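A.B. asks: Provided herewith: query_15.cif, mmCIF, C-alpha atoms and all ligand atoms.
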```
data_run
loop_
_atom_site.label_atom_id
_atom_site.label_comp_id
_atom_site.auth_asym_id
_atom_site.auth_seq_id
_atom_site.Cartn_x
_atom_site.Cartn_y
_atom_site.Cartn_z
CA MET S 25 0.00 0.00 0.00
CA SER S 26 1.45 3.32 -0.95
CA GLU S 27 1.21 6.50 1.06
CA ARG S 28 -1.67 7.96 -0.85
CA PHE S 29 -4.12 5.60 0.88
CA GLN S 30 -3.27 7.01 4.31
CA VAL S 31 -6.65 8.69 4.28
CA GLU S 32 -8.35 10.72 6.98
CA ILE S 33 -11.71 9.34 8.08
CA ASP S 34 -14.27 11.97 9.09
CA SER S 35 -15.48 10.02 12.08
CA ALA S 36 -17.72 12.84 13.38
CA ALA S 37 -19.64 13.07 10.09
CA LEU S 38 -19.98 9.29 9.91
CA GLN S 39 -21.34 9.13 13.47
CA ARG S 40 -23.87 11.87 12.68
CA GLU S 41 -25.04 9.92 9.65
CA ILE S 42 -25.30 6.64 11.60
CA GLU S 43 -27.32 8.55 14.21
CA ALA S 44 -29.60 10.13 11.60
CA LEU S 45 -30.22 6.78 9.87
CA ALA S 46 -31.03 5.14 13.24
CA GLU S 47 -33.74 7.77 13.74
CA ILE S 48 -35.48 6.48 10.62
CA SER S 49 -37.28 3.57 12.25
CA GLU S 50 -40.76 2.13 12.63
CA GLN S 51 -40.26 2.20 16.41
CA PRO S 52 -38.82 4.91 18.68
CA ALA S 53 -35.09 4.98 19.57
CA PRO S 54 -33.07 3.09 20.61
CA VAL S 55 -35.02 0.45 18.70
CA VAL S 56 -34.35 0.25 14.98
CA THR S 57 -36.95 -1.52 12.85
CA ARG S 58 -36.83 -1.14 9.08
CA VAL S 59 -38.63 -3.97 7.36
CA LEU S 60 -38.16 -4.18 3.60
CA PHE S 61 -40.28 -1.61 1.69
CA SER S 62 -41.88 -0.26 4.87
CA GLU S 63 -42.27 3.49 5.08
CA ALA S 64 -39.11 3.63 7.25
CA ASP S 65 -37.14 1.50 4.78
CA LEU S 66 -38.15 3.78 1.91
CA ARG S 67 -37.17 6.90 3.87
CA ALA S 68 -33.85 5.28 4.81
CA ARG S 69 -33.16 4.51 1.13
CA LYS S 70 -33.90 8.13 0.24
CA PHE S 71 -31.54 9.32 2.98
CA VAL S 72 -28.69 7.11 1.75
CA LYS S 73 -29.30 8.05 -1.91
CA GLN S 74 -29.06 11.73 -0.97
CA LEU S 75 -25.74 11.15 0.82
CA CYS S 76 -24.41 9.26 -2.22
CA SER S 77 -25.46 12.07 -4.60
CA ASP S 78 -23.90 14.63 -2.26
CA ALA S 79 -20.66 12.63 -2.51
CA GLY S 80 -20.81 12.91 -6.31
CA LEU S 81 -21.57 9.23 -6.93
CA ALA S 82 -23.70 8.13 -9.90
CA LEU S 83 -26.82 6.22 -8.83
CA ARG S 84 -28.49 3.22 -10.42
CA GLU S 85 -31.31 1.16 -8.94
CA ASP S 86 -32.37 -2.25 -10.23
CA ALA S 87 -35.76 -3.91 -10.42
CA VAL S 88 -35.64 -5.29 -6.88
CA GLY S 89 -34.31 -2.07 -5.36
CA ASN S 90 -30.60 -2.93 -5.08
CA LEU S 91 -28.84 0.43 -5.17
CA PHE S 92 -25.49 0.98 -6.91
CA ALA S 93 -23.63 4.24 -6.24
CA ARG S 94 -20.63 4.52 -8.52
CA TRP S 95 -17.39 6.45 -8.30
CA PRO S 96 -16.40 6.39 -11.97
CA ALA S 97 -12.94 5.34 -13.15
CA LYS S 98 -10.17 6.67 -15.31
CA ASN S 99 -10.49 3.43 -17.26
CA PRO S 100 -14.16 2.48 -17.61
CA SER S 101 -13.35 -0.75 -19.46
CA LEU S 102 -11.90 -2.45 -16.35
CA PRO S 103 -14.34 -4.37 -14.10
CA PRO S 104 -15.10 -2.20 -11.05
CA ILE S 105 -14.59 -3.16 -7.43
CA ALA S 106 -17.43 -2.98 -4.96
CA THR S 107 -18.24 -2.66 -1.30
CA GLY S 108 -21.56 -2.38 0.52
CA SER S 109 -24.08 -4.03 2.80
CA HIS S 110 -27.71 -3.53 3.83
CA ILE S 111 -29.86 -1.00 5.70
CA ASP S 112 -32.98 -3.07 6.35
CA ALA S 113 -33.31 -4.15 9.98
CA ILE S 114 -35.34 -6.86 11.66
CA PRO S 115 -37.94 -5.75 14.24
CA ASN S 116 -36.31 -4.57 17.47
CA ALA S 117 -32.80 -4.36 16.02
CA GLY S 118 -29.90 -1.98 16.57
CA ARG S 119 -28.17 0.67 14.50
CA TYR S 120 -24.96 -0.97 13.25
CA ASP S 121 -25.76 -4.28 11.53
CA GLY S 122 -25.40 -3.58 7.80
CA VAL S 123 -25.31 0.19 8.34
CA VAL S 124 -21.58 0.18 9.17
CA GLY S 125 -20.90 -1.40 5.78
CA VAL S 126 -23.10 1.07 3.89
CA LEU S 127 -22.32 4.39 5.59
CA GLY S 128 -18.77 3.23 6.42
CA GLY S 129 -18.34 2.20 2.79
CA LEU S 130 -19.53 5.62 1.67
CA GLU S 131 -17.12 7.36 4.07
CA ALA S 132 -14.27 5.17 2.80
CA ILE S 133 -15.01 6.38 -0.74
CA ARG S 134 -15.34 10.01 0.35
CA ALA S 135 -12.06 9.78 2.28
CA LEU S 136 -10.27 8.41 -0.79
CA LYS S 137 -11.76 11.21 -2.87
CA ARG S 138 -10.66 13.85 -0.36
CA SER S 139 -7.12 12.44 -0.46
CA GLY S 140 -6.95 13.25 -4.17
CA PHE S 141 -6.82 9.58 -5.20
CA GLU S 142 -8.19 8.80 -8.63
CA PRO S 143 -9.32 5.20 -9.13
CA THR S 144 -8.06 3.30 -12.16
CA ARG S 145 -11.19 1.13 -12.00
CA ALA S 146 -14.61 2.27 -10.78
CA VAL S 147 -15.74 1.74 -7.19
CA ASP S 148 -19.37 0.80 -6.48
CA LEU S 149 -21.16 1.12 -3.17
CA ILE S 150 -23.97 -1.45 -3.19
CA VAL S 151 -26.96 -1.24 -0.85
CA PHE S 152 -28.54 -4.69 -1.05
CA THR S 153 -32.30 -5.16 -0.82
CA ALA S 154 -33.57 -7.23 2.10
CA GLU S 155 -30.57 -8.95 3.63
CA GLU S 156 -32.97 -9.76 6.47
CA PRO S 157 -35.70 -12.33 5.80
CA THR S 158 -38.42 -10.43 7.65
CA ARG S 159 -40.97 -9.75 4.93
CA PHE S 160 -40.64 -12.71 2.59
CA GLY S 161 -38.97 -15.30 4.84
CA ILE S 162 -35.87 -15.40 2.65
CA GLY S 163 -32.60 -13.66 3.56
CA CYS S 164 -30.31 -11.86 1.09
CA LEU S 165 -33.10 -11.43 -1.47
CA GLY S 166 -31.24 -8.73 -3.43
CA SER S 167 -27.87 -10.49 -3.58
CA ARG S 168 -29.50 -13.86 -4.34
CA LEU S 169 -31.13 -12.32 -7.42
CA LEU S 170 -27.92 -10.50 -8.40
CA SER S 171 -25.92 -13.72 -8.28
CA GLY S 172 -28.50 -16.03 -9.79
CA ALA S 173 -28.80 -18.07 -6.55
CA LEU S 174 -32.55 -17.37 -6.66
CA ALA S 175 -34.48 -17.79 -9.91
CA PRO S 176 -36.51 -14.69 -10.88
CA ASP S 177 -39.73 -16.69 -11.34
CA LYS S 178 -39.32 -18.17 -7.85
CA ALA S 179 -38.77 -14.67 -6.47
CA ALA S 180 -41.83 -13.35 -8.28
CA GLY S 181 -43.90 -15.96 -6.42
CA LEU S 182 -42.81 -14.73 -2.98
CA ARG S 183 -45.62 -13.43 -0.78
CA ASP S 184 -45.56 -11.79 2.62
CA ARG S 185 -47.88 -12.63 5.52
CA GLU S 186 -50.66 -10.50 3.99
CA SER S 187 -50.23 -12.35 0.68
CA VAL S 188 -48.81 -9.28 -1.05
CA THR S 189 -46.36 -10.42 -3.73
CA LEU S 190 -42.85 -9.15 -4.32
CA ASP S 191 -44.01 -7.69 -7.64
CA GLN S 192 -46.75 -5.72 -5.88
CA TRP S 193 -44.33 -4.51 -3.22
CA ARG S 194 -41.65 -3.39 -5.66
CA ALA S 195 -44.21 -1.48 -7.72
CA ARG S 196 -45.42 0.25 -4.54
CA ALA S 197 -41.83 0.99 -3.54
CA GLY S 198 -41.05 2.55 -6.90
CA CYS S 199 -38.34 0.09 -7.96
CA ALA S 200 -37.20 0.20 -11.59
CA PRO S 201 -40.19 -1.21 -13.55
CA ALA S 202 -38.16 -3.90 -15.32
CA ALA S 203 -38.63 -7.67 -15.01
CA LEU S 204 -36.83 -9.42 -12.16
CA ASP S 205 -34.54 -11.29 -14.56
CA SER S 206 -32.88 -7.96 -15.37
CA VAL S 207 -31.36 -7.95 -11.86
CA ARG S 208 -28.84 -10.72 -12.43
CA LEU S 209 -25.21 -9.74 -13.01
CA ALA S 210 -22.66 -11.69 -15.01
CA ARG S 211 -19.90 -13.63 -13.28
CA GLY S 212 -16.75 -11.50 -13.28
CA CYS S 213 -18.71 -8.23 -13.49
CA TYR S 214 -16.69 -7.07 -10.47
CA ARG S 215 -12.97 -7.45 -9.86
CA ALA S 216 -13.64 -7.86 -6.12
CA PHE S 217 -16.24 -7.33 -3.40
CA VAL S 218 -15.32 -6.38 0.19
CA GLU S 219 -17.98 -5.94 2.89
CA LEU S 220 -17.38 -4.15 6.19
CA HIS S 221 -19.58 -5.52 8.99
CA ILE S 222 -19.82 -5.79 12.76
CA GLU S 223 -18.68 -9.22 13.93
CA GLN S 224 -21.99 -10.22 15.58
CA GLY S 225 -19.88 -12.51 17.75
CA PRO S 226 -17.59 -12.10 20.78
CA LEU S 227 -14.11 -13.07 19.53
CA LEU S 228 -12.61 -9.72 18.52
CA GLU S 229 -13.75 -7.99 21.69
CA ARG S 230 -12.59 -10.88 23.88
CA GLU S 231 -9.15 -10.89 22.26
CA GLY S 232 -8.85 -7.10 22.09
CA ILE S 233 -8.26 -7.19 18.31
CA PRO S 234 -9.73 -4.31 16.25
CA ILE S 235 -10.01 -6.07 12.87
CA GLY S 236 -11.18 -9.48 11.71
CA ILE S 237 -10.50 -10.67 8.18
CA VAL S 238 -12.99 -13.25 7.02
CA GLU S 239 -11.62 -16.37 5.32
CA LYS S 240 -14.83 -18.42 5.10
CA ILE S 241 -18.54 -17.88 5.47
CA ALA S 242 -20.53 -20.78 6.89
CA ALA S 243 -23.87 -21.47 5.30
CA PRO S 244 -26.93 -23.11 6.77
CA ALA S 245 -29.10 -25.89 5.44
CA THR S 246 -32.59 -25.97 6.91
CA LEU S 247 -34.63 -29.16 7.12
CA ARG S 248 -38.32 -29.50 7.96
CA LEU S 249 -39.51 -32.88 9.16
CA GLU S 250 -43.10 -34.05 9.66
CA LEU S 251 -43.63 -37.28 11.59
CA SER S 252 -46.94 -39.03 11.91
CA GLY S 253 -47.55 -42.04 14.07
CA GLU S 254 -50.70 -43.04 15.87
CA GLY S 255 -52.32 -41.41 18.86
CA GLY S 256 -54.40 -43.03 21.55
CA HIS S 257 -55.20 -43.23 25.22
CA ALA S 258 -52.07 -43.23 27.40
CA GLY S 259 -53.54 -46.03 29.47
CA ALA S 260 -55.18 -48.12 26.81
CA VAL S 261 -52.52 -48.37 24.08
CA LEU S 262 -49.98 -50.89 25.31
CA MET S 263 -46.30 -50.35 24.62
CA PRO S 264 -45.79 -52.94 21.84
CA ALA S 265 -48.59 -51.26 19.83
CA ARG S 266 -47.21 -47.74 20.09
CA ARG S 267 -46.26 -45.58 17.09
CA ASP S 268 -45.15 -42.57 19.11
CA ALA S 269 -44.15 -39.59 16.94
CA LEU S 270 -42.44 -37.79 19.81
CA LEU S 271 -40.15 -40.72 20.60
CA ALA S 272 -39.16 -40.96 16.94
CA GLY S 273 -38.47 -37.21 16.91
CA ALA S 274 -36.46 -37.43 20.12
CA GLU S 275 -34.27 -40.17 18.66
CA ILE S 276 -33.84 -38.09 15.50
CA ALA S 277 -32.76 -35.00 17.46
CA LEU S 278 -30.08 -37.12 19.14
CA ALA S 279 -29.10 -38.58 15.75
CA VAL S 280 -28.62 -35.00 14.47
CA GLU S 281 -26.21 -34.34 17.33
CA ARG S 282 -24.36 -37.60 16.62
CA ALA S 283 -24.07 -36.88 12.89
CA VAL S 284 -22.76 -33.37 13.53
CA THR S 285 -20.18 -34.36 16.15
CA SER S 286 -19.01 -37.34 14.04
CA THR S 287 -17.31 -34.97 11.55
CA GLY S 288 -14.73 -34.17 14.23
CA SER S 289 -14.72 -30.53 13.06
CA ALA S 290 -15.62 -27.70 15.44
CA ASP S 291 -17.06 -25.84 12.45
CA THR S 292 -19.90 -28.33 11.99
CA VAL S 293 -22.94 -27.34 14.03
CA GLY S 294 -26.47 -28.68 14.05
CA THR S 295 -29.57 -27.63 15.96
CA THR S 296 -33.06 -29.03 16.26
CA GLY S 297 -34.58 -25.65 17.05
CA VAL S 298 -38.25 -26.49 16.56
CA PHE S 299 -39.99 -29.54 18.02
CA ARG S 300 -43.78 -29.45 18.32
CA ILE S 301 -46.07 -32.37 19.09
CA GLU S 302 -49.75 -33.10 18.76
CA PRO S 303 -52.08 -33.41 20.48
CA GLY S 304 -49.91 -32.35 23.44
CA ALA S 305 -51.98 -33.83 26.26
CA VAL S 306 -50.51 -35.69 29.21
CA ASN S 307 -52.78 -38.70 28.78
CA SER S 308 -52.46 -39.03 25.01
CA VAL S 309 -49.83 -40.75 22.87
CA PRO S 310 -48.21 -38.11 20.56
CA CYS S 311 -49.45 -38.82 17.05
CA ARG S 312 -47.61 -36.07 15.18
CA ALA S 313 -44.30 -34.21 15.52
CA HIS S 314 -42.92 -31.26 13.59
CA LEU S 315 -39.14 -30.68 13.71
CA GLU S 316 -36.95 -28.03 12.11
CA ILE S 317 -33.24 -28.67 11.91
CA ASP S 318 -30.43 -26.22 11.05
CA VAL S 319 -27.04 -27.63 9.96
CA ARG S 320 -24.05 -25.40 9.20
CA ASP S 321 -20.48 -25.81 8.11
CA THR S 322 -17.83 -23.89 6.22
CA LEU S 323 -17.24 -26.89 3.96
CA GLN S 324 -20.11 -27.99 1.77
CA PRO S 325 -19.08 -31.68 1.37
CA MET S 326 -18.87 -31.97 5.16
CA ARG S 327 -22.27 -30.35 5.67
CA ASP S 328 -23.92 -32.35 2.92
CA ALA S 329 -22.51 -35.60 4.36
CA VAL S 330 -24.16 -34.69 7.67
CA LEU S 331 -27.46 -34.05 5.85
CA ARG S 332 -27.29 -37.50 4.25
CA GLN S 333 -26.51 -39.11 7.61
CA ILE S 334 -29.53 -37.36 9.13
CA GLU S 335 -31.78 -38.60 6.34
CA GLN S 336 -30.56 -42.17 6.80
CA ALA S 337 -31.16 -41.92 10.56
CA VAL S 338 -34.69 -40.57 9.97
CA ALA S 339 -35.47 -43.52 7.65
CA GLU S 340 -34.06 -46.12 10.05
CA ILE S 341 -35.69 -44.70 13.19
CA CYS S 342 -39.08 -44.22 11.54
CA ARG S 343 -39.04 -47.74 10.04
CA ARG S 344 -38.26 -49.25 13.42
CA ARG S 345 -40.93 -47.18 15.16
CA ARG S 346 -43.47 -47.54 12.32
CA VAL S 347 -43.82 -43.76 11.99
CA GLU S 348 -44.39 -42.07 8.63
CA TRP S 349 -42.08 -39.22 7.71
CA ASN S 350 -41.69 -36.41 5.24
CA LEU S 351 -38.36 -34.58 5.13
CA GLU S 352 -38.08 -31.33 3.19
CA THR S 353 -34.93 -29.27 2.55
CA LEU S 354 -35.99 -25.62 2.83
CA ASN S 355 -32.62 -24.25 1.81
CA ALA S 356 -29.04 -25.42 1.43
CA ASP S 357 -26.86 -22.53 0.35
CA PRO S 358 -23.24 -23.25 -0.49
CA PRO S 359 -20.71 -21.97 2.08
CA ALA S 360 -18.16 -19.56 0.61
CA GLN S 361 -14.38 -19.46 0.71
CA CYS S 362 -12.93 -15.97 0.62
CA ASP S 363 -10.31 -15.11 -1.97
CA THR S 364 -6.79 -15.65 -0.61
CA GLU S 365 -5.28 -12.74 -2.51
CA LEU S 366 -7.98 -10.39 -1.20
CA VAL S 367 -7.55 -11.66 2.36
CA ASN S 368 -3.80 -11.01 2.03
CA THR S 369 -4.47 -7.52 0.65
CA VAL S 370 -6.64 -6.64 3.66
CA ALA S 371 -3.98 -8.13 5.99
CA SER S 372 -1.23 -5.99 4.48
CA VAL S 373 -3.41 -2.87 4.75
CA CYS S 374 -3.89 -3.65 8.45
CA GLU S 375 -0.13 -4.04 8.83
CA GLN S 376 0.53 -0.68 7.17
CA LEU S 377 -2.02 0.96 9.44
CA GLN S 378 -0.51 -0.90 12.43
CA LEU S 379 -3.88 -2.33 13.31
CA PRO S 380 -3.76 -5.85 14.77
CA ALA S 381 -5.95 -8.26 12.79
CA ARG S 382 -6.96 -11.90 13.03
CA ARG S 383 -8.33 -14.19 10.36
CA MET S 384 -11.71 -15.68 11.16
CA ILE S 385 -14.85 -17.44 10.02
CA SER S 386 -18.17 -15.70 9.60
CA ARG S 387 -20.69 -17.96 11.26
CA ALA S 388 -23.57 -15.71 10.31
CA TYR S 389 -24.17 -15.29 6.60
CA HIS S 390 -24.23 -12.07 4.64
CA ASP S 391 -24.76 -10.71 1.13
CA SER S 392 -21.06 -11.53 0.63
CA LEU S 393 -22.00 -15.23 0.58
CA PHE S 394 -23.83 -14.60 -2.70
CA MET S 395 -21.40 -12.02 -4.08
CA ALA S 396 -18.84 -14.86 -3.89
CA LEU S 397 -20.73 -16.42 -6.82
CA LEU S 398 -19.90 -13.34 -8.93
CA CYS S 399 -16.36 -12.35 -7.97
CA PRO S 400 -13.54 -12.75 -5.42
CA MET S 401 -14.86 -11.69 -2.03
CA THR S 402 -13.86 -11.10 1.57
CA MET S 403 -15.23 -9.30 4.62
CA ILE S 404 -13.75 -6.96 7.23
CA PHE S 405 -15.14 -7.40 10.75
CA ILE S 406 -15.01 -4.94 13.63
CA PRO S 407 -15.80 -5.78 17.27
CA CYS S 408 -19.25 -5.22 18.74
CA ARG S 409 -19.93 -5.03 22.46
CA GLY S 410 -20.53 -8.46 24.00
CA GLY S 411 -20.95 -9.92 20.51
CA VAL S 412 -24.52 -8.62 20.69
CA SER S 413 -26.45 -8.02 17.46
CA HIS S 414 -30.09 -7.87 16.29
CA ARG S 415 -30.90 -6.01 19.52
CA PRO S 416 -31.34 -2.31 20.34
CA ASP S 417 -28.21 -2.38 22.57
CA GLU S 418 -26.00 -3.47 19.65
CA TYR S 419 -22.89 -1.24 19.86
CA SER S 420 -19.55 -0.56 18.20
CA SER S 421 -17.59 2.49 19.32
CA PRO S 422 -16.79 5.40 16.97
CA GLU S 423 -13.10 4.38 17.19
CA GLN S 424 -13.84 0.76 16.27
CA ILE S 425 -15.93 1.91 13.31
CA ARG S 426 -13.28 4.40 12.23
CA ASP S 427 -10.61 1.68 12.27
CA GLY S 428 -12.80 -0.57 10.13
CA VAL S 429 -13.40 2.24 7.63
CA ARG S 430 -9.66 2.99 7.47
CA VAL S 431 -8.96 -0.63 6.58
CA LEU S 432 -11.78 -0.64 4.03
CA ALA S 433 -10.55 2.62 2.45
CA GLY S 434 -7.00 1.26 2.25
CA THR S 435 -8.26 -1.96 0.68
CA LEU S 436 -10.51 -0.21 -1.84
CA GLY S 437 -7.68 2.20 -2.70
CA THR S 438 -5.24 -0.66 -3.25
CA LEU S 439 -7.69 -2.61 -5.41
CA ALA S 440 -8.93 0.38 -7.40
CA ALA S 441 -5.37 1.48 -8.23
CA ARG S 442 -4.56 -1.82 -9.97
ZN ZN S 501 -25.98 -7.64 8.41
#
```
Please rewrite the model in this file as structure tokens.
Ligand SMILES: [Zn+2]

C.D. replies:
Amino acid sequence: MSERFQVEIDSAALQREIEALAEISEQPAPVVTRVLFSEADLRARKFVKQLCSDAGLALREDAVGNLFARWPAKNPSLPPIATGSHIDAIPNAGRYDGVVGVLGGLEAIRALKRSGFEPTRAVDLIVFTAEEPTRFGIGCLGSRLLSGALAPDKAAGLRDRESVTLDQWRARAGCAPAALDSVRLARGCYRAFVELHIEQGPLLEREGIPIGIVEKIAAPATLRLELSGEGGHAGAVLMPARRDALLAGAEIALAVERAVTSTGSADTVGTTGVFRIEPGAVNSVPCRAHLEIDVRDTLQPMRDAVLRQIEQAVAEICRRRRVEWNLETLNADPPAQCDTELVNTVASVCEQLQLPARRMISRAYHDSLFMALLCPMTMIFIPCRGGVSHRPDEYSSPEQIRDGVRVLAGTLGTLAAR
């Protein structure tokens, strides 16, 4: 990194903007709630667009509302680089998740501009639509469509709880009136994507390290399992005749744990987070059980092997207990490996800035997971207090945010100069 990327971050301005964006919420401060296409979400988009225009960036919005704010290049024929994140927030959230990557990304660009740097290739700030799954039950809607991970016709069929479709919502919200298949970008359209984000975990704070460089993003697979046995009177149905759906489910939950721990890797995790039974009476044999199972890993073959093991266990247990089963995979996104060269670039920027950094895994997933399908990708993490996120008391200090923006600016400068 050469000296010209030793940029000055205007931390006071950035904090004012974070504050102002937090005020745009469906609920009073300190709660931040900005559900996709709600009145607050639309006002927040307007606020960010204004800041981008003020910074002299050229704006483009696609058919699902992804926003691209471009700092044009000396050489427009080179693929641009990009940074960005999201500004939608789940109900009862805080002010930093996503926002640090959007407003921090904007400040990184402004700081580079102020330093007199002229990018060889263009720099885009992307504000992704609906990273949070609140309205349509699917996370990373914008980046899934950008990367082709979600088919446009499947997206068009999405409905919210009031049965309003995505098409109806995006018309209401004033998105570009093109078809959803216009959203997709070609592989290689960007030279690189780097997202700044709060860690949403405790490691950086615990270790007193200001910067995390993400090497892998774990991805979940979600299974839904319906079990149906036979109910009956708890006194009258004798044990050899039982087809107890709860007992089958209980054995399956233990089989999930066994399958997950059998990989021997600490990165494999599995959770049976939902377990409901019917009829749920003390003197009645459970006739039905509904389970939802979340399995995550940073390596897809490992995770998929666990999924197969779970399915085999379900078949064996249900055969033995004479319980019928229906297993559905709700989603199984591929985990992503970050680009080694990009990770090394971020590491050398940290070194130049004399900011200690550690390499780490993102155990939550982000728009970067899908950007990895389009171009080399990595993420920069900053600490957040107690690892707390998705809560009103989510907090990163102005200094922690400034350090993250300095690293992002240095990284974008380095990449945009090449
Ligand atoms: Zn986020």

A.B. asks: What do you get as a list in words if you pick all residues at most 7 Å from ligand ZN 501 (chain S), counting only C-alpha atoms and all ligand atoms?

C.D. replies: Ser109, His110, Asp121, Gly122, Glu155, His221 and His390 of chain S

A.B. asks: Within 12 Å of (-11.1, 2.7, 1.6) (coordinates as in the file), grab all the protein and nucleic acid residues, counting all atoms listed in the file, and write them out as a ChimeraX atom specification.

C.D. replies: /S:25,28-33,105-108,125,128-139,141,143,147-149,218-220,370,373-374,404,426-441

A.B. asks: Report as a VMD selection string all protein, DNA and RNA residues lying within 12 Å of Glu229 (chain S), evaluated on only C-alpha atoms, omitting residues in the same chain fewer than 4 positions from it.

C.D. replies: chain S and resid 222 to 225 233 to 236 381 to 382 405 to 412 419 to 421 424

A.B. asks: Which is closer to Glu231 (chain S) than all the others in S:Pro380, S:Val88, S:Ala339, S:Glu375, using all atoms listed in the file?

C.D. replies: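 For Glu231 (chain S), the nearest of the given residues is S:Pro380.
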
A.B. asks: Please compute the CA of Ala180 (chain S)-CA of Ser392 (chain S) distance, one decimal, in Å.

C.D. replies: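 Computing it gives 22.7 Å between the two atoms.
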
A.B. asks: Considering all atoms listed in the file, can you say which of S:Asp417, S:Glu302, S:Glu275, S:Asp184 comes closest to Glu340 (chain S)?

C.D. replies: S:Glu275

A.B. asks: Between CA of Leu271 (chain S) and CA of Ile341 (chain S), what is the spacing in Å?

C.D. replies: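 Going from CA of Ile341 (chain S) over to CA of Leu271 (chain S) covers 9.5 Å.
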
A.B. asks: Give me, as a list of chain:residue names, all polymer residues having an atom no more than 12 Å from Asp205 (chain S), counting all atoms listed in the file and skipping those fewer than 5 positions away in the same chain.

C.D. replies: S:Asp86, S:Ala87, S:Val88, S:Gly166, S:Arg168, S:Leu169, S:Leu170, S:Ser171, S:Gly172, S:Ala173, S:Leu174, S:Ala175, S:Pro176, S:Asp177, S:Lys178, S:Ala179, S:Ala180, S:Ala210

A.B. asks: Near Phe160 (chain S), counting all atoms listed in the file, which residues have an atom at most 12 Å away, once you skip same-chain residues fewer than 5 positions from it, shown as a ChimeraX atom specification?

C.D. replies: /S:59-61,153-155,165-166,178-191,193

A.B. asks: Can I get the selected residues back with C-alpha atoms, as a compact mmCIF listing (two decimals), in the frame of the given file?

C.D. replies:
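To be explicit, this is the file written out as selection_6.txt:
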```txt
# COMPACT_ATOMS: atom_id res chain seq x y z
CA VAL S 59 -38.63 -3.97 7.36
CA LEU S 60 -38.16 -4.18 3.60
CA PHE S 61 -40.28 -1.61 1.69
CA THR S 153 -32.30 -5.16 -0.82
CA ALA S 154 -33.57 -7.23 2.10
CA GLU S 155 -30.57 -8.95 3.63
CA LEU S 165 -33.10 -11.43 -1.47
CA GLY S 166 -31.24 -8.73 -3.43
CA LYS S 178 -39.32 -18.17 -7.85
CA ALA S 179 -38.77 -14.67 -6.47
CA ALA S 180 -41.83 -13.35 -8.28
CA GLY S 181 -43.90 -15.96 -6.42
CA LEU S 182 -42.81 -14.73 -2.98
CA ARG S 183 -45.62 -13.43 -0.78
CA ASP S 184 -45.56 -11.79 2.62
CA ARG S 185 -47.88 -12.63 5.52
CA GLU S 186 -50.66 -10.50 3.99
CA SER S 187 -50.23 -12.35 0.68
CA VAL S 188 -48.81 -9.28 -1.05
CA THR S 189 -46.36 -10.42 -3.73
CA LEU S 190 -42.85 -9.15 -4.32
CA ASP S 191 -44.01 -7.69 -7.64
CA TRP S 193 -44.33 -4.51 -3.22
```

A.B. asks: In Å to one decimal, how far is CA of Gly118 (chain S) from CA of Leu45 (chain S)?

C.D. replies: 11.0 Å

A.B. asks: Just the residues within 10 Å of Glu50 (chain S), please, counting all atoms listed in the file, with nothing from its chain fewer than 2 positions along; format it as a list in words.

C.D. replies: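 Here the qualifying residues turn out to be Glu47, Ile48, Pro52, Ala53, Val55, Val56, Thr57, Arg58, Val59, Ser62, Glu63, Ala64, Asp65, Pro115 and Asn116 of chain S.
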
A.B. asks: Can you tell me, as number ranges by chain, what residues are no more than 9 Å from Tyr389 (chain S) when counting only C-alpha atoms, ignoring any on the same chain fewer than 2 positions away?

C.D. replies: S: 164, 241-244, 359, 386-387, 391-393

A.B. asks: With distances taken over only C-alpha atoms, which residue among S:Asp268, S:Gly198, S:Arg327, S:Ile276 lies nearest Lys70 (chain S)?

C.D. replies: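 Among the listed residues, S:Gly198 lies closest to Lys70 (chain S).
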
A.B. asks: Restricting the calculation to only C-alpha atoms, which member of S:Arg345, S:Asn355, S:Gly255, S:Lys240 is positioned closest to Ala274 (chain S)?

C.D. replies: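 Of S:Arg345, S:Asn355, S:Gly255, S:Lys240, the one nearest Ala274 (chain S), counting only C-alpha atoms, is S:Arg345.
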
A.B. asks: Measuring between only C-alpha atoms, which one of S:Val284, S:Ala272, S:Ile150, S:Leu102 shows the shortest distance to Trp349 (chain S)?

C.D. replies: S:Ala272

A.B. asks: Kindly indicate which residue among S:Glu239, S:Glu348, S:Glu281, S:Asp328 lies nearest to His314 (chain S), using all atoms listed in the file for the distances.

C.D. replies: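 Ranked by minimum distance to His314 (chain S), first place goes to S:Glu348.
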
A.B. asks: Padding of 4 Å on every side, edges along x, y and z, all listed atoms of region 229-236 of chain S included: what centre and edge lengths in Å, to one decimal, does that box have, as JSON?

C.D. replies:
```
{"center_x": -11.0, "center_y": -7.6, "center_z": 17.8, "size_x": 13.5, "size_y": 14.6, "size_z": 20.2}
```
